[in-house]
file data.pdb (PDB, C-alpha atoms, pLDDT in the B column)
ATOM      1  CA  MET P   1      10.421  -8.494  34.323  1.00 79.00           C
ATOM      2  CA  PHE P   2      11.866 -11.514  36.054  1.00 90.00           C
ATOM      3  CA  CYS P   3      10.310 -14.980  35.936  1.00 90.00           C
ATOM      4  CA  THR P   4       9.534 -17.512  38.629  1.00 93.00           C
ATOM      5  CA  GLY P   5      12.379 -20.012  38.955  1.00 92.00           C
ATOM      6  CA  GLN P   6      14.974 -17.601  37.613  1.00 94.00           C
ATOM      7  CA  THR P   7      18.292 -17.382  39.457  1.00 93.00           C
ATOM      8  CA  VAL P   8      19.334 -13.804  40.123  1.00 94.00           C
ATOM      9  CA  LEU P   9      21.767 -11.785  42.182  1.00 90.00           C
ATOM     10  CA  TYR P  10      20.121  -9.284  44.527  1.00 89.00           C
ATOM     11  CA  GLY P  11      22.623  -6.701  45.706  1.00 80.00           C
ATOM     12  CA  SER P  12      24.658  -7.820  48.681  1.00 77.00           C
ATOM     13  CA  ASN P  13      22.016 -10.440  49.571  1.00 83.00           C
ATOM     14  CA  GLY P  14      23.690 -12.737  47.078  1.00 85.00           C
ATOM     15  CA  VAL P  15      22.242 -15.348  44.769  1.00 91.00           C
ATOM     16  CA  CYS P  16      18.483 -15.785  45.027  1.00 92.00           C
ATOM     17  CA  MET P  17      15.810 -17.821  43.324  1.00 94.00           C
ATOM     18  CA  ILE P  18      12.716 -15.934  42.247  1.00 95.00           C
ATOM     19  CA  ASP P  19       9.946 -17.835  43.998  1.00 94.00           C
ATOM     20  CA  GLY P  20       7.168 -15.843  42.369  1.00 93.00           C
ATOM     21  CA  VAL P  21       5.289 -12.572  42.485  1.00 94.00           C
ATOM     22  CA  THR P  22       2.777 -11.898  45.217  1.00 93.00           C
ATOM     23  CA  GLU P  23       0.416  -9.126  46.233  1.00 92.00           C
ATOM     24  CA  LYS P  24       0.565  -7.700  49.717  1.00 89.00           C
ATOM     25  CA  ARG P  25      -1.579  -5.050  51.332  1.00 86.00           C
ATOM     26  CA  ILE P  26       0.445  -2.617  53.412  1.00 81.00           C
ATOM     27  CA  GLY P  27      -1.249   0.445  54.888  1.00 82.00           C
ATOM     28  CA  GLY P  28      -4.346  -0.069  52.761  1.00 84.00           C
ATOM     29  CA  CYS P  29      -2.296  -0.094  49.555  1.00 87.00           C
ATOM     30  CA  LYS P  30      -1.977  -3.247  47.436  1.00 90.00           C
ATOM     31  CA  MET P  31       1.407  -3.796  45.839  1.00 92.00           C
ATOM     32  CA  GLU P  32       3.092  -6.565  43.872  1.00 93.00           C
ATOM     33  CA  TYR P  33       6.364  -7.960  45.191  1.00 94.00           C
ATOM     34  CA  TYR P  34       9.002 -10.281  43.803  1.00 95.00           C
ATOM     35  CA  VAL P  35       9.496 -13.102  46.289  1.00 95.00           C
ATOM     36  CA  LEU P  36      13.199 -13.945  46.501  1.00 95.00           C
ATOM     37  CA  LYS P  37      14.676 -16.918  48.320  1.00 94.00           C
ATOM     38  CA  PRO P  38      18.411 -16.588  49.017  1.00 91.00           C
ATOM     39  CA  VAL P  39      20.192 -19.738  47.883  1.00 89.00           C
ATOM     40  CA  SER P  40      22.682 -19.728  50.767  1.00 81.00           C
ATOM     41  CA  THR P  41      20.006 -19.576  53.482  1.00 76.00           C
ATOM     42  CA  GLY P  42      16.904 -21.635  52.888  1.00 70.00           C
ATOM     43  CA  THR P  43      15.034 -19.997  55.752  1.00 80.00           C
ATOM     44  CA  SER P  44      14.809 -16.333  54.715  1.00 89.00           C
ATOM     45  CA  THR P  45      12.557 -14.647  52.165  1.00 93.00           C
ATOM     46  CA  LEU P  46      12.984 -11.224  50.600  1.00 93.00           C
ATOM     47  CA  PHE P  47      10.154  -9.138  49.166  1.00 93.00           C
ATOM     48  CA  VAL P  48      11.074  -6.566  46.537  1.00 94.00           C
ATOM     49  CA  PRO P  49       8.323  -4.167  45.373  1.00 93.00           C
ATOM     50  CA  VAL P  50       7.908  -4.604  41.612  1.00 94.00           C
ATOM     51  CA  SER P  51       7.116  -0.892  41.255  1.00 92.00           C
ATOM     52  CA  ASN P  52      10.261   0.295  43.083  1.00 92.00           C
ATOM     53  CA  GLN P  53      12.760   0.714  40.239  1.00 92.00           C
ATOM     54  CA  GLN P  54      15.611   1.527  42.608  1.00 91.00           C
ATOM     55  CA  LEU P  55      15.251  -1.826  44.419  1.00 92.00           C
ATOM     56  CA  VAL P  56      14.399  -3.807  41.274  1.00 92.00           C
ATOM     57  CA  GLY P  57      17.524  -2.260  39.721  1.00 89.00           C
ATOM     58  CA  LYS P  58      19.576  -4.154  42.312  1.00 88.00           C
ATOM     59  CA  ILE P  59      18.339  -7.442  40.852  1.00 91.00           C
ATOM     60  CA  ARG P  60      20.354  -8.853  37.972  1.00 91.00           C
ATOM     61  CA  CYS P  61      20.573 -12.207  36.269  1.00 91.00           C
ATOM     62  CA  VAL P  62      23.518 -14.304  37.388  1.00 93.00           C
ATOM     63  CA  LEU P  63      26.392 -14.525  34.954  1.00 95.00           C
ATOM     64  CA  THR P  64      26.582 -17.391  32.501  1.00 95.00           C
ATOM     65  CA  ALA P  65      29.388 -19.912  32.953  1.00 96.00           C
ATOM     66  CA  GLU P  66      31.083 -18.424  29.875  1.00 97.00           C
ATOM     67  CA  GLU P  67      30.932 -14.886  31.303  1.00 96.00           C
ATOM     68  CA  ALA P  68      32.310 -16.050  34.648  1.00 96.00           C
ATOM     69  CA  GLU P  69      35.170 -17.944  32.961  1.00 96.00           C
ATOM     70  CA  LYS P  70      35.996 -14.917  30.830  1.00 96.00           C
ATOM     71  CA  ILE P  71      36.259 -12.733  33.949  1.00 95.00           C
ATOM     72  CA  LEU P  72      38.396 -15.294  35.792  1.00 95.00           C
ATOM     73  CA  ASN P  73      40.667 -15.690  32.769  1.00 94.00           C
ATOM     74  CA  ASN P  74      41.165 -11.909  32.495  1.00 92.00           C
ATOM     75  CA  LEU P  75      41.509 -10.874  36.126  1.00 89.00           C
ATOM     76  CA  PRO P  76      41.630  -7.118  36.674  1.00 83.00           C
ATOM     77  CA  GLU P  77      44.591  -5.346  38.236  1.00 86.00           C
ATOM     78  CA  CYS P  78      43.951  -4.635  41.889  1.00 84.00           C
ATOM     79  CA  GLY P  79      44.753  -0.919  41.739  1.00 87.00           C
ATOM     80  CA  GLU P  80      46.215   1.370  44.400  1.00 93.00           C
ATOM     81  CA  TRP P  81      45.506   1.261  48.127  1.00 96.00           C
ATOM     82  CA  ASN P  82      43.960   4.444  49.520  1.00 96.00           C
ATOM     83  CA  ASP P  83      45.418   5.227  52.944  1.00 95.00           C
ATOM     84  CA  ASN P  84      42.505   7.543  53.788  1.00 96.00           C
ATOM     85  CA  LYS P  85      40.200   5.216  55.753  1.00 95.00           C
ATOM     86  CA  LEU P  86      37.050   7.287  55.187  1.00 96.00           C
ATOM     87  CA  GLU P  87      37.555   7.640  51.410  1.00 97.00           C
ATOM     88  CA  ARG P  88      38.501   3.984  51.151  1.00 97.00           C
ATOM     89  CA  SER P  89      35.402   2.924  53.072  1.00 97.00           C
ATOM     90  CA  GLU P  90      33.118   5.008  50.829  1.00 97.00           C
ATOM     91  CA  SER P  91      34.758   3.566  47.726  1.00 96.00           C
ATOM     92  CA  PHE P  92      34.442  -0.009  48.999  1.00 97.00           C
ATOM     93  CA  LYS P  93      30.796   0.583  49.983  1.00 95.00           C
ATOM     94  CA  SER P  94      30.047   1.827  46.494  1.00 93.00           C
ATOM     95  CA  ILE P  95      31.636  -1.247  44.895  1.00 93.00           C
ATOM     96  CA  ILE P  96      29.712  -3.620  47.175  1.00 91.00           C
ATOM     97  CA  SER P  97      26.400  -1.920  46.452  1.00 85.00           C
ATOM     98  CA  SER P  98      27.047  -1.888  42.688  1.00 85.00           C
ATOM     99  CA  GLY P  99      27.355  -5.686  42.581  1.00 86.00           C
ATOM    100  CA  ASP P 100      29.688  -5.367  39.578  1.00 89.00           C
ATOM    101  CA  SER P 101      31.600  -8.648  39.341  1.00 92.00           C
ATOM    102  CA  VAL P 102      34.785  -7.209  37.874  1.00 94.00           C
ATOM    103  CA  GLU P 103      34.926  -4.440  40.488  1.00 94.00           C
ATOM    104  CA  LEU P 104      34.205  -6.909  43.300  1.00 95.00           C
ATOM    105  CA  ILE P 105      37.077  -9.106  42.120  1.00 96.00           C
ATOM    106  CA  ARG P 106      39.326  -6.046  41.922  1.00 96.00           C
ATOM    107  CA  LEU P 107      38.300  -5.244  45.513  1.00 97.00           C
ATOM    108  CA  ILE P 108      39.048  -8.788  46.716  1.00 97.00           C
ATOM    109  CA  ARG P 109      42.468  -8.710  45.075  1.00 97.00           C
ATOM    110  CA  LEU P 110      43.265  -5.225  46.427  1.00 97.00           C
ATOM    111  CA  ILE P 111      42.341  -5.966  50.029  1.00 97.00           C
ATOM    112  CA  SER P 112      43.985  -9.406  49.958  1.00 96.00           C
ATOM    113  CA  PHE P 113      47.210  -7.918  48.586  1.00 96.00           C
ATOM    114  CA  HIS P 114      47.148  -5.201  51.263  1.00 97.00           C
ATOM    115  CA  GLU P 115      46.470  -7.826  53.924  1.00 97.00           C
ATOM    116  CA  ARG P 116      49.574  -9.782  52.851  1.00 95.00           C
ATOM    117  CA  GLN P 117      51.611  -6.566  53.058  1.00 95.00           C
ATOM    118  CA  GLN P 118      50.272  -5.877  56.560  1.00 96.00           C
ATOM    119  CA  VAL P 119      51.082  -9.417  57.730  1.00 96.00           C
ATOM    120  CA  LYS P 120      54.683  -8.965  56.551  1.00 96.00           C
ATOM    121  CA  LYS P 121      54.853  -5.886  58.792  1.00 96.00           C
ATOM    122  CA  GLY P 122      53.340  -7.793  61.716  1.00 96.00           C
ATOM    123  CA  LYS P 123      50.056  -5.896  61.401  1.00 96.00           C
ATOM    124  CA  ARG P 124      46.437  -6.724  60.641  1.00 95.00           C
ATOM    125  CA  LEU P 125      43.750  -5.277  58.417  1.00 94.00           C
ATOM    126  CA  TYR P 126      41.326  -2.766  59.847  1.00 95.00           C
ATOM    127  CA  LEU P 127      38.128  -4.525  60.875  1.00 96.00           C
ATOM    128  CA  SER P 128      36.123  -2.487  58.337  1.00 96.00           C
ATOM    129  CA  ASP P 129      38.435  -3.618  55.497  1.00 97.00           C
ATOM    130  CA  GLU P 130      38.065  -7.216  56.670  1.00 97.00           C
ATOM    131  CA  ARG P 131      34.281  -6.880  56.529  1.00 97.00           C
ATOM    132  CA  PHE P 132      34.383  -5.471  52.991  1.00 97.00           C
ATOM    133  CA  LEU P 133      36.645  -8.320  51.941  1.00 97.00           C
ATOM    134  CA  LYS P 134      34.331 -10.966  53.412  1.00 95.00           C
ATOM    135  CA  GLU P 135      31.262  -9.340  51.822  1.00 93.00           C
ATOM    136  CA  ALA P 136      32.893  -9.161  48.380  1.00 94.00           C
ATOM    137  CA  GLU P 137      34.125 -12.768  48.680  1.00 95.00           C
ATOM    138  CA  LYS P 138      30.639 -13.936  49.663  1.00 92.00           C
ATOM    139  CA  MET P 139      29.022 -12.205  46.712  1.00 91.00           C
ATOM    140  CA  ILE P 140      31.529 -13.349  44.083  1.00 94.00           C
ATOM    141  CA  CYS P 141      32.230 -16.849  45.361  1.00 94.00           C
ATOM    142  CA  GLU P 142      28.547 -17.655  45.778  1.00 92.00           C
ATOM    143  CA  GLU P 143      27.627 -16.576  42.248  1.00 94.00           C
ATOM    144  CA  PHE P 144      30.690 -18.005  40.507  1.00 96.00           C
ATOM    145  CA  SER P 145      30.588 -21.333  42.357  1.00 95.00           C
ATOM    146  CA  ILE P 146      26.947 -21.809  41.342  1.00 93.00           C
ATOM    147  CA  VAL P 147      27.372 -20.914  37.665  1.00 94.00           C
ATOM    148  CA  LEU P 148      30.669 -22.817  37.343  1.00 96.00           C
ATOM    149  CA  ASN P 149      29.477 -25.769  39.438  1.00 95.00           C
ATOM    150  CA  THR P 150      32.528 -25.658  41.682  1.00 95.00           C
ATOM    151  CA  THR P 151      33.413 -24.797  45.257  1.00 95.00           C
ATOM    152  CA  ARG P 152      33.771 -21.330  46.759  1.00 93.00           C
ATOM    153  CA  GLU P 153      37.346 -22.199  47.709  1.00 96.00           C
ATOM    154  CA  SER P 154      38.182 -23.014  44.092  1.00 96.00           C
ATOM    155  CA  VAL P 155      36.767 -19.687  42.905  1.00 97.00           C
ATOM    156  CA  LEU P 156      38.653 -17.734  45.567  1.00 96.00           C
ATOM    157  CA  SER P 157      41.863 -19.587  44.751  1.00 95.00           C
ATOM    158  CA  ARG P 158      41.537 -18.626  41.081  1.00 95.00           C
ATOM    159  CA  ILE P 159      40.930 -14.984  41.987  1.00 96.00           C
ATOM    160  CA  LEU P 160      43.923 -14.736  44.310  1.00 94.00           C
ATOM    161  CA  ASN P 161      46.462 -16.751  42.281  1.00 85.00           C
TER
END
call {"tool": "encode", "arguments": {"input": "data.pdb", "output": "structure tokens"}}
result
Amino acid sequence: MFCTGQTVLYGSNGVCMIDGVTEKRIGGCKMEYYVLKPVSTGTSTLFVPVSNQQLVGKIRCVLTAEEAEKILNNLPECGEWNDNKLERSESFKSIISSGDSVELIRLIRLISFHERQQVKKGKRLYLSDERFLKEAEKMICEEFSIVLNTTRESVLSRILN
């Protein structure tokens, strides 16, 4: 169970503050919902049914500063580029939905490395790869910048250098 005021990461929605638990009646059925307020956008509110384990499973506590530093000090290898666009897309989608910090950093490093290779050849990334890169950067940089009290640019610089 999560507590009001707790900072969490909710899937690809990014860092959220738990604003409380509320009851809502939908279709004659009363249910309890976690009320999440994304940190990056003060105007939106997310409602996650407390009883839906699949959705609640996408909520996790943000890393501690020590955990984030440990990850940044032991950056994972970026791995091999998959030339099959469909397989690559499915793999990237899976990583994004997992929310695993180490895998997201591996993804950022992999796509960024491939992008540099493409630029050398006078080419660009596929739009879908660009989107996965931006999504992974948003998720990681938002969480790490908050827990490390630094800028997104500083986090990204550490990941790529």
call {"tool": "resolve_selection", "arguments": {"input": "data.pdb", "expression": "the PyMOL selection byres ((chain P and resi 101) around 10)", "output": "PDB file with C-alpha atoms, in the coordinates of the input"}}
result
ATOM      1  CA  LEU P  63      26.392 -14.525  34.954  1.00 95.00           C
ATOM      2  CA  ALA P  68      32.310 -16.050  34.648  1.00 96.00           C
ATOM      3  CA  ILE P  71      36.259 -12.733  33.949  1.00 95.00           C
ATOM      4  CA  ILE P  95      31.636  -1.247  44.895  1.00 93.00           C
ATOM      5  CA  ILE P  96      29.712  -3.620  47.175  1.00 91.00           C
ATOM      6  CA  SER P  98      27.047  -1.888  42.688  1.00 85.00           C
ATOM      7  CA  GLY P  99      27.355  -5.686  42.581  1.00 86.00           C
ATOM      8  CA  ASP P 100      29.688  -5.367  39.578  1.00 89.00           C
ATOM      9  CA  VAL P 102      34.785  -7.209  37.874  1.00 94.00           C
ATOM     10  CA  GLU P 103      34.926  -4.440  40.488  1.00 94.00           C
ATOM     11  CA  LEU P 104      34.205  -6.909  43.300  1.00 95.00           C
ATOM     12  CA  ILE P 105      37.077  -9.106  42.120  1.00 96.00           C
ATOM     13  CA  ARG P 106      39.326  -6.046  41.922  1.00 96.00           C
ATOM     14  CA  LEU P 107      38.300  -5.244  45.513  1.00 97.00           C
ATOM     15  CA  ALA P 136      32.893  -9.161  48.380  1.00 94.00           C
ATOM     16  CA  MET P 139      29.022 -12.205  46.712  1.00 91.00           C
ATOM     17  CA  ILE P 140      31.529 -13.349  44.083  1.00 94.00           C
ATOM     18  CA  GLU P 143      27.627 -16.576  42.248  1.00 94.00           C
ATOM     19  CA  PHE P 144      30.690 -18.005  40.507  1.00 96.00           C
TER      20      PHE P 144
END
call {"tool": "resolve_selection", "arguments": {"input": "data.pdb", "expression": "the PyMOL selection byres ((chain P and resi 78-85) around 8)", "output": "list in words"}}
result
Pro76, Glu77, Leu86, Glu87, Arg88, Ser89, Arg106, Leu107, Arg109, Leu110 and His114 of chain P
call {"tool": "closest_atom_pairs", "arguments": {"input": "data.pdb", "of": "segment 112-150 of chain P", "to": "segment 28-48 of chain P", "cutoff": "12 Å", "atoms": "all atoms listed in the file", "output": "Markdown table"}}
result
| residue | atom | partner | partner_atom | distance |
| --- | --- | --- | --- | --- |
| P:Lys138 | CA | P:Ser40 | CA | 9.9 |
| P:Met139 | CA | P:Ser40 | CA | 10.6 |
| P:Cys141 | CA | P:Ser40 | CA | 11.3 |
| P:Glu142 | CA | P:Ser40 | CA | 8.0 |
| P:Glu143 | CA | P:Val39 | CA | 9.9 |
| P:Ser145 | CA | P:Ser40 | CA | 11.7 |
| P:Ile146 | CA | P:Val39 | CA | 9.6 |
call {"tool": "residues_around", "arguments": {"input": "data.pdb", "residues": "Asn73 of chain P", "least_positions_apart": "5", "cutoff": "10 Å", "atoms": "only C-alpha atoms", "output": "list of chain:residue names"}}
result
P:Glu67, P:Ala68, P:Arg158, P:Ile159
call {"tool": "atom_distance", "arguments": {"input": "data.pdb", "atom1": "atom CA of Val62 of chain P", "atom2": "atom CA of Thr7 of chain P"}}
result
6.4 Å
call {"tool": "atom_distance", "arguments": {"input": "data.pdb", "atom1": "atom CA of Phe113 of chain P", "atom2": "atom CA of Leu160 of chain P"}}
result
8.7 Å
call {"tool": "atom_distance", "arguments": {"input": "data.pdb", "atom1": "atom CA of Ile108 of chain P", "atom2": "atom CA of Phe2 of chain P"}}
result
29.3 Å
call {"tool": "closest_residue", "arguments": {"input": "data.pdb", "among": "P:Asp19, P:Glu137, P:Asp129, P:Glu69", "to": "Gln6 of chain P", "atoms": "all atoms listed in the file"}}
result
P:Asp19
call {"tool": "closest_residue", "arguments": {"input": "data.pdb", "among": "P:Leu156, P:Ile59, P:Leu127, P:Leu72", "to": "Val15 of chain P", "atoms": "all atoms listed in the file"}}
result
P:Ile59
call {"tool": "axis_aligned_box", "arguments": {"input": "data.pdb", "around": "segment 101-120 of chain P", "padding_each_side": "3 Å", "output": "lines of an AutoDock Vina configuration file"}}
result
center_x = 43.1
center_y = -7.1
center_z = 47.8
size_x = 29.1
size_y = 11.3
size_z = 25.9
call {"tool": "decode", "arguments": {"input": "data.pdb", "residues": "segment 87-99 of chain P", "atoms": "N, CA, C and O atoms", "output": "compact mmCIF listing (two decimals), in the first residue's frame"}}
result
# COMPACT_ATOMS: atom_id res chain seq x y z
N GLU P 87 10.96 -6.28 -34.52
CA GLU P 87 11.50 -6.90 -33.30
C GLU P 87 12.07 -5.84 -32.36
O GLU P 87 11.88 -5.91 -31.15
N ARG P 88 12.78 -4.89 -32.94
CA ARG P 88 13.38 -3.82 -32.15
C ARG P 88 12.30 -3.01 -31.45
O ARG P 88 12.39 -2.72 -30.25
N SER P 89 11.25 -2.68 -32.17
CA SER P 89 10.14 -1.90 -31.61
C SER P 89 9.48 -2.64 -30.45
O SER P 89 9.20 -2.04 -29.41
N GLU P 90 9.25 -3.94 -30.61
CA GLU P 90 8.64 -4.74 -29.54
C GLU P 90 9.54 -4.78 -28.32
O GLU P 90 9.09 -4.67 -27.18
N SER P 91 10.82 -4.94 -28.54
CA SER P 91 11.80 -4.96 -27.45
C SER P 91 11.82 -3.63 -26.71
O SER P 91 11.79 -3.58 -25.48
N PHE P 92 11.87 -2.53 -27.47
CA PHE P 92 11.89 -1.20 -26.86
C PHE P 92 10.61 -0.93 -26.08
O PHE P 92 10.64 -0.38 -24.98
N LYS P 93 9.46 -1.34 -26.64
CA LYS P 93 8.17 -1.17 -25.97
C LYS P 93 8.16 -1.89 -24.63
O LYS P 93 7.69 -1.36 -23.63
N SER P 94 8.69 -3.08 -24.62
CA SER P 94 8.75 -3.89 -23.41
C SER P 94 9.61 -3.21 -22.34
O SER P 94 9.25 -3.19 -21.16
N ILE P 95 10.73 -2.66 -22.74
CA ILE P 95 11.62 -1.96 -21.80
C ILE P 95 10.93 -0.73 -21.23
O ILE P 95 10.98 -0.50 -20.02
N ILE P 96 10.29 0.04 -22.09
CA ILE P 96 9.58 1.25 -21.63
C ILE P 96 8.50 0.87 -20.62
O ILE P 96 8.38 1.48 -19.56
N SER P 97 7.72 -0.15 -20.93
CA SER P 97 6.62 -0.51 -20.04
C SER P 97 7.11 -1.13 -18.73
O SER P 97 6.43 -1.04 -17.72
N SER P 98 8.29 -1.73 -18.74
CA SER P 98 8.83 -2.32 -17.51
C SER P 98 9.22 -1.25 -16.49
O SER P 98 9.13 -1.47 -15.30
N GLY P 99 9.70 -0.10 -17.00
CA GLY P 99 10.13 0.98 -16.10
C GLY P 99 11.43 0.67 -15.37
O GLY P 99 11.82 1.39 -14.46
